[in-house]
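Below: model.txt (compact mmCIF, C-alpha atoms and all ligand atoms)
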```txt
# COMPACT_ATOMS: atom_id res chain seq x y z
CA PRO W 1 87.23 83.45 84.13
CA ARG W 2 90.69 84.06 82.66
CA LEU W 3 89.50 87.00 80.64
CA ALA W 4 87.57 88.26 83.65
CA ASN W 5 90.82 88.17 85.61
CA GLN W 6 92.58 90.30 83.05
CA ILE W 7 89.73 92.76 82.91
CA ALA W 8 89.79 92.97 86.69
CA ALA W 9 93.55 93.39 86.46
CA GLY W 10 92.95 96.52 84.44
CA GLU W 11 90.97 97.96 87.31
CA VAL W 12 93.20 96.92 90.16
CA VAL W 13 96.66 96.64 88.63
CA GLU W 14 97.68 99.88 87.02
CA ARG W 15 101.37 99.90 87.88
CA PRO W 16 103.83 98.37 90.36
CA ALA W 17 102.57 100.66 93.11
CA SER W 18 99.07 99.22 92.86
CA VAL W 19 100.46 95.70 93.22
CA ILE W 20 102.43 96.67 96.31
CA LYS W 21 99.36 98.27 97.83
CA GLU W 22 97.37 95.04 97.48
CA LEU W 23 100.17 92.77 98.68
CA VAL W 24 100.97 94.85 101.75
CA GLU W 25 97.27 95.13 102.61
CA ASN W 26 97.08 91.34 102.48
CA SER W 27 100.05 91.10 104.84
CA LEU W 28 98.40 93.55 107.22
CA ASP W 29 95.14 91.59 107.02
CA ALA W 30 97.13 88.47 107.88
CA GLY W 31 98.20 90.11 111.13
CA ALA W 32 101.84 90.69 110.23
CA SER W 33 103.95 92.74 112.62
CA ARG W 34 106.79 93.06 110.15
CA ILE W 35 106.68 93.50 106.38
CA ASP W 36 109.71 93.47 104.10
CA VAL W 37 109.34 94.83 100.61
CA ASP W 38 112.09 94.21 98.10
CA VAL W 39 111.84 95.59 94.60
CA GLU W 40 113.98 95.68 91.50
CA SER W 41 113.79 98.11 88.59
CA GLY W 42 111.00 100.20 90.05
CA GLY W 43 109.03 97.02 90.73
CA VAL W 44 108.61 96.05 87.10
CA LYS W 45 111.20 93.31 87.26
CA LEU W 46 110.51 92.12 90.79
CA MET W 47 108.35 92.91 93.80
CA ARG W 48 108.75 90.68 96.82
CA VAL W 49 106.60 91.17 99.91
CA ARG W 50 107.47 89.05 102.89
CA ASP W 51 105.46 89.00 106.11
CA ASN W 52 105.30 87.19 109.44
CA GLY W 53 101.51 86.95 109.45
CA GLY W 54 99.24 83.95 109.74
CA GLY W 55 100.16 82.43 106.38
CA ILE W 56 97.94 80.63 103.87
CA ALA W 57 97.08 76.98 104.30
CA GLN W 58 98.18 74.99 101.27
CA GLU W 59 94.66 73.76 100.57
CA ASP W 60 93.39 77.36 100.51
CA MET W 61 95.83 78.28 97.78
CA PRO W 62 93.62 77.59 94.72
CA LEU W 63 90.89 79.62 96.41
CA ALA W 64 93.24 82.52 97.17
CA LEU W 65 94.06 82.77 93.47
CA SER W 66 90.52 82.58 92.16
CA ARG W 67 88.39 85.63 91.61
CA HIS W 68 85.99 86.75 94.28
CA ALA W 69 87.43 84.26 96.70
CA THR W 70 88.01 86.14 99.87
CA SER W 71 88.44 84.71 103.31
CA LYS W 72 87.58 88.02 104.81
CA ILE W 73 83.81 88.29 104.73
CA TYR W 74 82.18 85.78 106.95
CA GLU W 75 78.69 87.20 107.12
CA LEU W 76 76.80 89.56 104.89
CA ASP W 77 76.63 91.91 107.81
CA ASP W 78 80.40 92.41 107.53
CA LEU W 79 79.91 94.30 104.30
CA GLU W 80 78.25 96.96 106.38
CA LYS W 81 81.24 97.43 108.61
CA VAL W 82 84.30 96.55 106.64
CA VAL W 83 87.21 96.50 109.02
CA SER W 84 89.84 94.60 107.09
CA MET W 85 91.52 96.30 104.18
CA GLY W 86 90.75 93.83 101.47
CA PHE W 87 87.24 92.64 100.96
CA ARG W 88 86.85 92.01 97.29
CA GLY W 89 88.84 88.87 96.83
CA GLU W 90 90.30 89.63 93.44
CA ALA W 91 93.70 91.21 93.90
CA LEU W 92 95.82 88.07 93.81
CA ALA W 93 93.93 86.63 90.86
CA SER W 94 94.24 89.91 88.97
CA ILE W 95 97.94 90.31 89.70
CA SER W 96 98.73 86.72 88.79
CA SER W 97 97.02 87.12 85.42
CA VAL W 98 99.49 89.84 84.37
CA SER W 99 102.74 88.61 85.93
CA ARG W 100 104.78 85.65 87.06
CA LEU W 101 103.59 85.11 90.58
CA CYS W 102 105.06 82.93 93.26
CA ILE W 103 103.75 82.44 96.78
CA LEU W 104 105.65 80.83 99.61
CA SER W 105 103.79 80.37 102.83
CA ASN W 106 103.57 78.59 106.12
CA THR W 107 100.82 78.74 108.73
CA GLN W 108 102.87 77.14 111.46
CA GLU W 109 105.54 78.21 113.85
CA GLN W 110 107.28 74.94 113.13
CA GLY W 111 107.08 72.68 110.13
CA ALA W 112 107.70 73.03 106.45
CA GLY W 113 106.07 75.51 104.13
CA TRP W 114 104.88 75.25 100.59
CA LYS W 115 105.27 77.12 97.35
CA ALA W 116 102.96 77.86 94.43
CA GLU W 117 103.79 79.40 91.09
CA THR W 118 101.58 80.78 88.38
CA GLU W 119 102.39 82.47 85.14
CA GLY W 120 100.12 84.83 83.28
CA ARG W 121 96.63 84.22 82.07
CA ASP W 122 96.88 80.46 81.94
CA MET W 123 96.93 80.35 85.69
CA GLN W 124 98.54 76.95 85.82
CA VAL W 125 99.16 76.66 89.51
CA GLU W 126 101.99 74.40 90.57
CA VAL W 127 102.16 73.69 94.25
CA GLY W 128 104.98 71.95 96.05
CA PRO W 129 106.80 71.83 99.36
CA ALA W 130 109.28 74.60 100.18
CA PRO W 131 110.73 75.83 103.45
CA HIS W 132 109.36 79.12 104.76
CA PRO W 133 109.03 80.54 108.28
CA LYS W 134 105.54 81.33 109.58
CA GLY W 135 104.03 83.92 107.26
CA SER W 136 104.04 84.49 103.54
CA THR W 137 106.24 85.73 100.75
CA VAL W 138 104.58 86.86 97.56
CA GLU W 139 106.85 87.45 94.60
CA VAL W 140 105.64 89.22 91.49
CA ARG W 141 108.01 89.17 88.53
CA ASP W 142 107.85 90.75 85.09
CA LEU W 143 104.70 92.78 85.56
CA PHE W 144 102.65 93.05 82.35
CA PHE W 145 105.01 90.65 80.51
CA ASN W 146 101.96 89.30 78.68
CA THR W 147 100.13 92.59 78.19
CA PRO W 148 102.41 94.83 76.09
CA ALA W 149 99.75 97.52 75.75
CA ARG W 150 99.71 97.98 79.50
CA ARG W 151 103.46 97.77 79.76
CA LYS W 152 103.74 100.72 77.42
CA PHE W 153 102.04 102.94 79.97
CA LEU W 154 104.74 102.32 82.56
CA ARG W 155 107.01 105.29 83.19
CA THR W 156 110.68 105.32 84.09
CA GLU W 157 112.06 103.09 86.80
CA LYS W 158 112.45 106.12 89.04
CA THR W 159 108.88 107.32 88.57
CA GLU W 160 107.43 103.87 89.18
CA PHE W 161 109.55 103.48 92.28
CA ASN W 162 108.44 106.89 93.59
CA HIS W 163 104.79 105.83 93.31
CA LEU W 164 105.57 102.57 95.02
CA GLU W 165 107.47 104.27 97.83
CA GLU W 166 104.54 106.64 98.32
CA VAL W 167 102.28 103.64 98.89
CA ILE W 168 104.64 102.21 101.51
CA LYS W 169 104.89 105.58 103.22
CA ARG W 170 101.13 105.89 103.46
CA GLN W 171 100.84 102.38 104.82
CA ALA W 172 103.68 102.94 107.30
CA LEU W 173 101.94 106.06 108.62
CA GLY W 174 98.74 104.06 108.96
CA ARG W 175 100.22 101.26 111.06
CA PHE W 176 102.74 102.36 113.67
CA ASP W 177 102.50 98.92 115.26
CA VAL W 178 103.99 97.25 112.18
CA GLY W 179 107.62 97.34 111.05
CA PHE W 180 108.16 98.27 107.40
CA HIS W 181 111.33 97.71 105.41
CA LEU W 182 111.77 98.77 101.83
CA ARG W 183 114.70 98.03 99.54
CA HIS W 184 115.20 99.06 95.94
CA ASN W 185 117.81 97.32 93.81
CA GLY W 186 119.42 96.02 96.99
CA LYS W 187 119.61 99.42 98.65
CA VAL W 188 117.77 100.09 101.93
CA ILE W 189 115.31 102.94 101.41
CA HIS W 190 113.24 102.67 104.59
CA ALA W 191 113.82 100.71 107.77
CA LEU W 192 110.91 101.58 110.05
CA LYS W 193 110.70 99.71 113.32
CA ASN W 194 107.41 99.19 115.20
CA CYS W 195 106.60 102.17 117.38
CA ASP W 196 105.76 101.74 121.05
CA SER W 197 105.58 105.37 122.10
CA GLN W 198 104.65 108.80 120.79
CA LEU W 199 108.35 109.58 120.50
CA GLU W 200 108.88 106.57 118.26
CA GLN W 201 105.85 107.52 116.22
CA GLU W 202 107.25 111.00 115.76
CA ARG W 203 110.54 109.51 114.63
CA ARG W 204 108.68 107.51 112.01
CA VAL W 205 106.72 110.54 110.85
CA ALA W 206 109.96 112.51 110.61
CA SER W 207 111.58 109.74 108.63
CA VAL W 208 108.61 109.41 106.26
CA CYS W 209 107.57 113.07 105.93
CA GLY W 210 110.97 114.66 106.47
CA PRO W 211 112.44 116.14 109.67
CA ALA W 212 111.24 119.64 108.75
CA PHE W 213 107.61 118.58 108.97
CA MET W 214 108.04 117.16 112.46
CA GLN W 215 110.05 120.18 113.64
CA ASN W 216 107.18 122.45 112.72
CA ALA W 217 104.33 120.19 113.74
CA LEU W 218 101.84 120.36 116.58
CA HIS W 219 100.56 117.20 118.18
CA ILE W 220 96.83 116.80 118.62
CA ASP W 221 94.78 114.19 120.42
CA THR W 222 91.18 115.00 121.17
CA GLU W 223 87.88 113.22 121.56
CA ALA W 224 84.21 114.16 121.38
CA MET W 225 80.92 112.56 120.38
CA GLY W 226 82.49 109.15 119.93
CA LEU W 227 85.07 110.59 117.53
CA ARG W 228 88.79 110.77 118.18
CA LEU W 229 91.22 112.90 116.22
CA TRP W 230 94.95 112.57 116.73
CA GLY W 231 98.14 113.18 114.82
CA TRP W 232 100.23 116.12 113.71
CA VAL W 233 99.58 119.34 111.84
CA ALA W 234 102.30 121.62 110.55
CA LEU W 235 102.46 125.30 111.30
CA PRO W 236 102.90 127.74 108.40
CA THR W 237 106.60 127.89 109.34
CA PHE W 238 106.85 124.56 107.55
CA SER W 239 107.50 125.37 103.94
CA ARG W 240 107.37 122.64 101.42
CA SER W 241 109.03 122.26 98.10
CA GLN W 242 107.55 118.84 97.36
CA ALA W 243 103.99 117.87 96.63
CA ASP W 244 101.17 118.12 99.14
CA LEU W 245 101.82 116.50 102.45
CA GLN W 246 98.33 115.56 103.51
CA HIS W 247 97.73 112.22 105.12
CA PHE W 248 94.35 111.42 106.58
CA TYR W 249 93.27 108.08 107.95
CA VAL W 250 89.86 106.91 109.01
CA ASN W 251 90.08 103.84 111.23
CA GLY W 252 93.50 103.08 109.78
CA ARG W 253 92.41 103.44 106.18
CA VAL W 254 93.88 106.08 103.89
CA ILE W 255 91.24 108.53 102.89
CA ARG W 256 91.07 111.42 100.46
CA ASP W 257 87.90 113.23 101.14
CA LYS W 258 86.56 116.69 100.27
CA LEU W 259 84.75 117.07 103.55
CA VAL W 260 87.93 116.38 105.50
CA THR W 261 90.13 118.64 103.39
CA HIS W 262 87.56 121.39 103.64
CA ALA W 263 87.32 121.19 107.43
CA VAL W 264 91.10 121.28 107.86
CA ARG W 265 91.60 124.10 105.41
CA GLN W 266 88.84 126.15 106.95
CA ALA W 267 90.38 125.84 110.41
CA TYR W 268 93.75 127.00 109.05
CA ARG W 269 92.23 129.88 107.17
CA ASP W 270 90.11 130.98 110.11
CA VAL W 271 92.96 131.06 112.60
CA LEU W 272 96.09 131.69 110.61
CA PHE W 273 94.70 133.62 107.64
CA HIS W 274 96.79 131.86 105.07
CA GLY W 275 95.56 130.24 101.93
CA ARG W 276 98.34 127.74 101.44
CA HIS W 277 97.69 124.04 101.51
CA PRO W 278 98.11 122.82 105.04
CA ALA W 279 100.37 119.84 105.79
CA PHE W 280 99.12 117.18 108.17
CA VAL W 281 99.20 113.58 109.27
CA LEU W 282 95.87 112.96 110.97
CA TYR W 283 93.90 110.00 112.25
CA LEU W 284 90.17 109.88 112.80
CA GLU W 285 88.84 107.01 114.80
CA CYS W 286 85.14 106.31 114.94
CA ASP W 287 82.55 103.59 115.05
CA PRO W 288 82.90 101.73 111.71
CA ALA W 289 79.12 101.79 111.43
CA ILE W 290 79.07 105.55 110.81
CA VAL W 291 81.33 105.42 107.76
CA ASP W 292 80.75 103.76 104.39
CA VAL W 293 83.82 102.51 102.59
CA ASN W 294 83.51 103.12 98.89
CA VAL W 295 83.07 99.94 96.89
CA HIS W 296 85.65 100.95 94.28
CA PRO W 297 88.78 98.93 95.05
CA THR W 298 91.38 101.55 94.26
CA LYS W 299 89.77 104.82 95.30
CA HIS W 300 90.19 106.14 98.78
CA GLU W 301 86.76 107.47 99.38
CA VAL W 302 84.39 107.32 102.27
CA ARG W 303 80.94 108.51 102.99
CA PHE W 304 80.15 109.55 106.52
CA ARG W 305 76.62 108.86 107.73
CA ASP W 306 76.62 112.26 109.39
CA GLY W 307 79.09 114.39 107.48
CA ARG W 308 78.09 117.56 109.27
CA THR W 309 79.08 116.19 112.68
CA VAL W 310 82.42 114.91 111.42
CA HIS W 311 83.16 118.19 109.65
CA ASP W 312 82.33 120.23 112.74
CA PHE W 313 84.38 117.98 114.97
CA LEU W 314 87.45 118.27 112.72
CA PHE W 315 87.05 121.99 112.27
CA ARG W 316 86.54 122.73 115.97
CA SER W 317 89.37 120.47 117.13
CA LEU W 318 91.92 122.00 114.77
CA HIS W 319 90.61 125.50 115.31
CA ARG W 320 91.19 125.16 119.05
CA LEU W 321 94.67 123.70 118.56
CA LEU W 322 95.80 126.41 116.15
CA ALA W 323 94.21 129.25 118.13
CA ASP W 324 96.28 128.19 121.14
CA VAL W 325 99.53 128.78 119.34
CA ARG W 326 98.56 131.80 117.25
CA PRO W 327 101.36 134.34 117.58
P1 LIG W 401 91.18 89.78 99.54
O1 LIG W 401 92.37 90.39 100.23
O2 LIG W 401 90.25 90.83 99.05
O3 LIG W 401 90.52 88.71 100.33
P2 LIG W 401 93.15 88.88 97.68
O4 LIG W 401 93.07 88.44 96.27
O5 LIG W 401 93.99 90.07 97.97
O6 LIG W 401 91.68 89.10 98.20
O7 LIG W 401 93.66 87.66 98.55
C1 LIG W 401 92.96 86.44 98.47
C2 LIG W 401 93.12 85.63 99.74
O8 LIG W 401 94.44 85.12 99.84
C3 LIG W 401 92.91 86.42 101.02
O9 LIG W 401 91.54 86.47 101.39
C4 LIG W 401 93.74 85.63 102.02
O10 LIG W 401 92.98 84.56 102.54
C5 LIG W 401 94.86 85.05 101.19
N1 LIG W 401 96.12 85.84 101.32
C6 LIG W 401 96.67 86.65 100.39
N2 LIG W 401 97.83 87.19 100.81
C7 LIG W 401 98.03 86.69 102.06
C8 LIG W 401 99.09 86.86 103.04
N3 LIG W 401 100.16 87.65 102.84
N4 LIG W 401 98.96 86.18 104.21
C9 LIG W 401 97.89 85.36 104.43
N5 LIG W 401 96.88 85.17 103.54
C10 LIG W 401 96.94 85.83 102.37
MG MG W 402 93.66 91.69 99.35
```
Take the structure in the file and write it out as structure tokens.
Ligand code: ADP
Ligand code: MG
Amino acid sequence: PRLANQIAAGEVVERPASVIKELVENSLDAGASRIDVDVESGGVKLMRVRDNGGGIAQEDMPLALSRHATSKIYELDDLEKVVSMGFRGEALASISSVSRLCILSNTQEQGAGWKAETEGRDMQVEVGPAPHPKGSTVEVRDLFFNTPARRKFLRTEKTEFNHLEEVIKRQALGRFDVGFHLRHNGKVIHALKNCDSQLEQERRVASVCGPAFMQNALHIDTEAMGLRLWGWVALPTFSRSQADLQHFYVNGRVIRDKLVTHAVRQAYRDVLFHGRHPAFVLYLECDPAIVDVNVHPTKHEVRFRDGRTVHDFLFRSLHRLLADVRP
């Protein structure tokens, strides 16, 4: 099983950003309304994710760290409609096999917490009492300390941090109801409070995507055939110097999908006659039963049961929105 963990780690844990993605998804799954991420040296030295979610019961700890132990699938039927982010039950085990991992947790509003530490492939878990408020803190130190070959593939501190920050940004855009705080080497990079209104959401989008995006963006919120599309799309007056600004979420999950990109691009091209890559932050909400979540743990792919309908809905909705403002 130890070797299996390290092989799995190769699939799931590529760099600090992939660790952060898994840890924050766990915090979201645990129902956290606030997540604090603290990293040092681009995450290689330290990544600490603290949440105010439901916590892990001490007796569930060994299970949480063993492969394919997930508390998130209760019936086989759930595989058909995966709602929670994590469903494979191997992230913690994989991460702990290539780092020094420490978990502090408490399931209660009052009462003491506990702490567990593991180090590398040996997976010696030491559990003991430790104070912690309700929720969990997962600390990952010295990523790849025991796998030099993997460590060699890490880039500069700045590059690793950029990837990590990108993950947090995507997650923050996916959950307006959750507060996200990110610090790097003690410096506050993002302090995003929970959003209760469209105005607050737009503030968050501006803070994550830059004020220029929001200043040139149109708001959309439309529904048809059991599908809802909402979010913001930038007009061509928004010129970007950075990389593509394309965020698409299906039922809260980050998705990169050809069908989606095609529908958006086609609407832009049809109405505005420009071939540039459009910039958008969009959310599709639909019955989970009509979308298959790809089984690969790190890829953001989906398969829609009826791709045609989804494509047409996206295309028509955006076409109408853009046509309304065409100069
Ligand atoms: P998965 O998320 O796919 O179930 P993980 O390896 O990521 O697998 O996590 C294993 C288990 O540990 C989870 O199913 C959950 O029960 C528990 N867990 C991990 N992180 C947290 C957290 N921050 N809060 C509460 N429980 C957690
Ligand atoms: Mg998980």
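Neighbours of ligand MG 402 (chain W) at a cut-off of 6 Å, computed so that all atoms listed in the file are counted, are the residues Glu22, Glu25, Asn26, Gly86 and Ala91 of chain W.
Proximity ranking of W:Gly252, W:Ser18, W:Ser33, W:Ala93 relative to ligand LIG 401 (chain W) places W:Ala93 first, based on all atoms listed in the file.
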*asked:* Please list as number ranges by chain every residue within 7 Å of range 38-55 of chain W, counting all atoms listed in the file and excluding residues in the same chain fewer than 6 positions away.
replied: W: 16, 23-24, 27, 30-32, 105-107, 134-143, 157-158, 160-161, 182-185
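In this model, the gap between CA of Phe304 in chain W and atom O6 of ligand LIG 401 (chain W) comes to 24.9 Å.
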*Mind pulling up the distance from CA of Val325 in chain W to CA of Thr261 in chain W?*
21.1 Å
*Around the point (81.5, 111.7, 103.2), in the coordinates given by the file, pick out the residues reaching within 12 Å, counting only C-alpha atoms, and return them as a VMD selection string.*
chain W and resid 250 255 to 263 290 to 294 300 to 311
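Counting all atoms listed in the file and comparing W:Leu284, W:Ala267, W:Leu28, W:Cys195, the residue that lies closest to Phe315 in chain W is W:Ala267.
If you count only C-alpha atoms and ignore residues fewer than 5 places along the chain from Glu166 in chain W, what sits within 10 Å of it is W:Ala17, W:Lys21, W:Glu160, W:Phe161, W:Gln171, W:Ala172, W:Val208.
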*What is the CA of His190 in chain W-CA of His247 in chain W distance in Å, reported with one decimal?*
18.2 Å
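Distances to ligand LIG 401 (chain W) were evaluated for W:Leu65, W:Val37, W:Arg320, W:Pro129 using only C-alpha atoms and all ligand atoms, and the minimum falls at W:Leu65.
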Add whatever atoms are absent from range 144-158 of chain W to reach N, CA and C atoms, and provide the output as a PDB file, keeping the file's coordinate frame.
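In the end it all went to out-v2.pdb:
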```pdb
ATOM      1  N   PHE W 144     103.177  92.764  83.689  1.00  0.00           N
ATOM      2  CA  PHE W 144     102.650  93.050  82.350  1.00  0.00           C
ATOM      3  C   PHE W 144     103.463  92.392  81.229  1.00  0.00           C
ATOM      4  N   PHE W 145     104.199  91.309  81.549  1.00  0.00           N
ATOM      5  CA  PHE W 145     105.010  90.650  80.510  1.00  0.00           C
ATOM      6  C   PHE W 145     104.131  90.145  79.364  1.00  0.00           C
ATOM      7  N   ASN W 146     102.859  89.847  79.691  1.00  0.00           N
ATOM      8  CA  ASN W 146     101.960  89.300  78.680  1.00  0.00           C
ATOM      9  C   ASN W 146     100.906  90.299  78.201  1.00  0.00           C
ATOM     10  N   THR W 147     101.061  91.546  78.630  1.00  0.00           N
ATOM     11  CA  THR W 147     100.130  92.590  78.190  1.00  0.00           C
ATOM     12  C   THR W 147     100.932  93.819  77.748  1.00  0.00           C
ATOM     13  N   PRO W 148     101.507  93.759  76.559  1.00  0.00           N
ATOM     14  CA  PRO W 148     102.410  94.830  76.090  1.00  0.00           C
ATOM     15  C   PRO W 148     101.736  96.199  76.078  1.00  0.00           C
ATOM     16  N   ALA W 149     100.441  96.236  75.807  1.00  0.00           N
ATOM     17  CA  ALA W 149      99.750  97.520  75.750  1.00  0.00           C
ATOM     18  C   ALA W 149      99.819  98.225  77.109  1.00  0.00           C
ATOM     19  N   ARG W 150      99.652  97.428  78.150  1.00  0.00           N
ATOM     20  CA  ARG W 150      99.710  97.980  79.500  1.00  0.00           C
ATOM     21  C   ARG W 150     101.130  98.349  79.894  1.00  0.00           C
ATOM     22  N   ARG W 151     102.057  97.516  79.434  1.00  0.00           N
ATOM     23  CA  ARG W 151     103.460  97.770  79.760  1.00  0.00           C
ATOM     24  C   ARG W 151     103.920  99.116  79.205  1.00  0.00           C
ATOM     25  N   LYS W 152     103.357  99.465  78.066  1.00  0.00           N
ATOM     26  CA  LYS W 152     103.740 100.720  77.420  1.00  0.00           C
ATOM     27  C   LYS W 152     103.423 101.949  78.268  1.00  0.00           C
ATOM     28  N   PHE W 153     102.430 101.798  79.142  1.00  0.00           N
ATOM     29  CA  PHE W 153     102.040 102.940  79.970  1.00  0.00           C
ATOM     30  C   PHE W 153     102.938 103.135  81.185  1.00  0.00           C
ATOM     31  N   LEU W 154     103.831 102.171  81.423  1.00  0.00           N
ATOM     32  CA  LEU W 154     104.740 102.320  82.560  1.00  0.00           C
ATOM     33  C   LEU W 154     105.733 103.435  82.278  1.00  0.00           C
ATOM     34  N   ARG W 155     106.056 104.184  83.340  1.00  0.00           N
ATOM     35  CA  ARG W 155     107.010 105.290  83.190  1.00  0.00           C
ATOM     36  C   ARG W 155     108.410 104.792  83.533  1.00  0.00           C
ATOM     37  N   THR W 156     109.305 105.725  83.782  1.00  0.00           N
ATOM     38  CA  THR W 156     110.680 105.320  84.090  1.00  0.00           C
ATOM     39  C   THR W 156     110.740 104.571  85.416  1.00  0.00           C
ATOM     40  N   GLU W 157     111.822 103.841  85.570  1.00  0.00           N
ATOM     41  CA  GLU W 157     112.060 103.090  86.800  1.00  0.00           C
ATOM     42  C   GLU W 157     111.912 103.998  88.028  1.00  0.00           C
ATOM     43  N   LYS W 158     112.463 105.189  87.917  1.00  0.00           N
ATOM     44  CA  LYS W 158     112.450 106.120  89.040  1.00  0.00           C
ATOM     45  C   LYS W 158     111.026 106.561  89.377  1.00  0.00           C
TER      46      LYS W 158
END
```
